[in-house]
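First up is the structure itself, then whatever we jot down about it.
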Amino acid sequence: LVFNLFVFLFSYYMHVGMCISITAMCVSHWYFYRDDPDRNAGTGINSDGWFFGRPVLLAFLRICRHHVGSIVFGSCILAVATFLRHLGIIFEYISQKTKDLQETNPLVRMIFCLCRCSLWCLEKVLQFITEYAYVYVAVTGKPFCSAARSSFVFFAKYPVQTALDKMASTALGCLLCITVATGLAVAAYFCGLKDAWPVCAVVILGLAYVTTRLAAGIYDVCITTLFVCVMRDCEHYGGRYMSKSLKSA
């Protein structure tokens, strides 16, 4: 059971890592090569050789050829961190067995709380760093460890911009999940489903939330990748690849 849980977590994070890396590579390739006549194939609908799905296909092939090891390594790290946090069931079991001791000894109770909080914080921090590391892998072609180090340097250089980027992505995701799911549930009431509306509303809310959350996750990766590309463009190329509207902003 323990092994199956770890395999499931590893497979899940492998899937997430592939999605993040492919999306980031599509966005970064478009940003840097959209105006290059020799390397803009597949960057846009007006580019030479474009067909539906080509940017994703090219990004997938590049990831499979050059960066699968980085995604496997990052997925393994996240799987271990999440696995340790889900082993908190053992902490809960020990906590129940030592309930009397915790009531009489505040130090023991504090230790259990610190363990649960530390594992949760470790998982969230690793998820945040790994997401940026995947983006750096796609943008720069570096291996995972070098990309993670570049992410730390990036956070130190642009702490305010990084915080604003995550705040904007989180706000957009929450707004989309609330408005789309609620709007569809309300629309179902006026579409002739008044008799069975409560049951339909629950199903619609669940499906709409999951679908919208996935779509918002793609937007989140796109925003983060554009943010990294713009900062690298300003730092290394003097904003040569930025559009006029982006420069004025």
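Every chain in the structure tokens takes a letter, A first, then B, and so on in the order presented; its residues are numbered from 1, and the ligands are numbered from 1 following the presented order.
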Distance query A:Ser28 at most 10 Å, only C-alpha atoms, self and fewer than 4 positions along chain excluded, as a PyMOL selection string: chain A and resi 22-24+32-34+43+135-136+138-140+222+225-226+228-230
Could you give me, as JSON, numbers by chain, each residue of stretch 186-243 of chain A that DSSP assigns to alpha helix (DSSP H) when run on this structure's backbone? {"A": [186, 187, 188, 189, 197, 198, 199, 200, 201, 202, 203, 204, 205, 206, 207, 208, 209, 210, 211, 212, 213, 214, 215, 216, 217, 218, 219, 220, 221, 222, 223, 224, 225, 226, 227, 228, 229, 230, 231, 232, 233, 234, 235, 236]}
Within 12 Å of A:Phe155, counting only C-alpha atoms, which residues qualify if same-chain residues fewer than 6 places away don't, as a PyMOL selection string? chain A and resi 128-129+132-133+148-149+161-166+228+231
Taking 6 positions as the minimum chain separation for residues in the same chain, which residues sit within 12 Å of A:Ala181 when counting only C-alpha atoms? Answer as JSON, numbers by chain. {"A": [173, 174, 175, 187, 188, 201, 202, 203, 204, 205, 206, 207, 208, 209, 210, 211, 212, 213]}
Go ahead and save the residues from that selection, with N, CA and C atoms, as an mmCIF file, in the first residue's frame.
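That gives us part.cif:
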```cif
data_model
loop_
_atom_site.group_PDB
_atom_site.id
_atom_site.type_symbol
_atom_site.label_atom_id
_atom_site.label_comp_id
_atom_site.auth_asym_id
_atom_site.auth_seq_id
_atom_site.Cartn_x
_atom_site.Cartn_y
_atom_site.Cartn_z
ATOM 1 N N GLY A 173 -7.037 32.711 -10.549
ATOM 2 C CA GLY A 173 -7.562 31.358 -10.397
ATOM 3 C C GLY A 173 -8.801 31.308 -9.518
ATOM 4 N N CYS A 174 -8.761 32.012 -8.386
ATOM 5 C CA CYS A 174 -9.927 32.029 -7.487
ATOM 6 C C CYS A 174 -11.130 32.683 -8.153
ATOM 7 N N LEU A 175 -10.891 33.788 -8.841
ATOM 8 C CA LEU A 175 -11.988 34.489 -9.515
ATOM 9 C C LEU A 175 -12.632 33.609 -10.585
ATOM 10 N N ALA A 187 -27.110 29.137 -14.311
ATOM 11 C CA ALA A 187 -27.677 28.995 -15.653
ATOM 12 C C ALA A 187 -28.481 27.711 -15.781
ATOM 13 N N ALA A 188 -28.055 26.652 -15.083
ATOM 14 C CA ALA A 188 -28.792 25.393 -15.150
ATOM 15 C C ALA A 188 -30.197 25.532 -14.577
ATOM 16 N N ALA A 201 -26.965 21.008 -9.693
ATOM 17 C CA ALA A 201 -26.076 22.101 -9.297
ATOM 18 C C ALA A 201 -24.803 21.574 -8.636
ATOM 19 N N VAL A 202 -24.953 20.544 -7.795
ATOM 20 C CA VAL A 202 -23.779 19.970 -7.137
ATOM 21 C C VAL A 202 -22.834 19.353 -8.161
ATOM 22 N N VAL A 203 -23.393 18.599 -9.123
ATOM 23 C CA VAL A 203 -22.562 17.975 -10.163
ATOM 24 C C VAL A 203 -21.899 19.037 -11.029
ATOM 25 N N ILE A 204 -22.673 20.045 -11.424
ATOM 26 C CA ILE A 204 -22.127 21.110 -12.280
ATOM 27 C C ILE A 204 -21.032 21.874 -11.554
ATOM 28 N N LEU A 205 -21.271 22.185 -10.286
ATOM 29 C CA LEU A 205 -20.254 22.904 -9.520
ATOM 30 C C LEU A 205 -18.950 22.115 -9.440
ATOM 31 N N GLY A 206 -19.063 20.810 -9.198
ATOM 32 C CA GLY A 206 -17.860 19.990 -9.093
ATOM 33 C C GLY A 206 -17.094 19.905 -10.407
ATOM 34 N N LEU A 207 -17.813 19.584 -11.493
ATOM 35 C CA LEU A 207 -17.157 19.462 -12.793
ATOM 36 C C LEU A 207 -16.607 20.801 -13.278
ATOM 37 N N ALA A 208 -17.394 21.881 -13.080
ATOM 38 C CA ALA A 208 -16.942 23.198 -13.529
ATOM 39 C C ALA A 208 -15.724 23.656 -12.737
ATOM 40 N N TYR A 209 -15.705 23.363 -11.449
ATOM 41 C CA TYR A 209 -14.550 23.770 -10.638
ATOM 42 C C TYR A 209 -13.286 23.055 -11.090
ATOM 43 N N VAL A 210 -13.385 21.735 -11.316
ATOM 44 C CA VAL A 210 -12.203 20.966 -11.725
ATOM 45 C C VAL A 210 -11.697 21.458 -13.079
ATOM 46 N N THR A 211 -12.621 21.620 -14.037
ATOM 47 C CA THR A 211 -12.227 22.066 -15.378
ATOM 48 C C THR A 211 -11.620 23.474 -15.348
ATOM 49 N N THR A 212 -12.260 24.369 -14.604
ATOM 50 C CA THR A 212 -11.759 25.742 -14.522
ATOM 51 C C THR A 212 -10.419 25.793 -13.795
ATOM 52 N N ARG A 213 -10.254 24.946 -12.792
ATOM 53 C CA ARG A 213 -8.986 24.920 -12.058
ATOM 54 C C ARG A 213 -7.843 24.472 -12.963
#
```
Can you tell me, as a ChimeraX atom specification, what residues are no more than 9 Å from A:Met242 when counting only C-alpha atoms, ignoring any on the same chain fewer than 3 positions away? /A:31-32,230,233-234,239,245-247
Put those residues in a file: C-alpha atoms, as a PDB file, in the first residue's frame.
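Below is the file part.pdb, written as the result:
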```pdb
ATOM      1  CA  TYR A  31       8.456  35.094 -26.756  1.00  0.00           C
ATOM      2  CA  PHE A  32      12.042  34.898 -28.019  1.00  0.00           C
ATOM      3  CA  VAL A 230      10.622  39.446 -19.528  1.00  0.00           C
ATOM      4  CA  ASP A 233      15.120  39.789 -21.575  1.00  0.00           C
ATOM      5  CA  CYS A 234      15.657  42.975 -19.578  1.00  0.00           C
ATOM      6  CA  GLY A 239      14.519  44.287 -23.600  1.00  0.00           C
ATOM      7  CA  SER A 245       3.230  47.974 -25.427  1.00  0.00           C
ATOM      8  CA  LEU A 246       5.119  45.832 -22.896  1.00  0.00           C
ATOM      9  CA  LYS A 247       8.035  48.283 -22.845  1.00  0.00           C
TER      10      LYS A 247
END
```
I'd like the neighbourhood of A:Thr130 as a VMD selection string, where a residue qualifies if any of its atoms comes within 12 Å (using only C-alpha atoms), though same-chain residues fewer than 6 positions away should be ignored. chain A and resid 13 to 14 16 to 17 20 to 21 70 to 79 81 122 to 124 136 to 137 144 to 152
To one decimal in Å, tell me the separation between atom CA of A:His67 and atom CA of A:Met25.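 We find that atom CA of A:His67 and atom CA of A:Met25 lie 11.1 Å from each other.
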Best match for closeness to A:Cys177 among A:Ala216, A:Val153, A:Ile223, A:Val199, counting only C-alpha atoms: A:Ala216
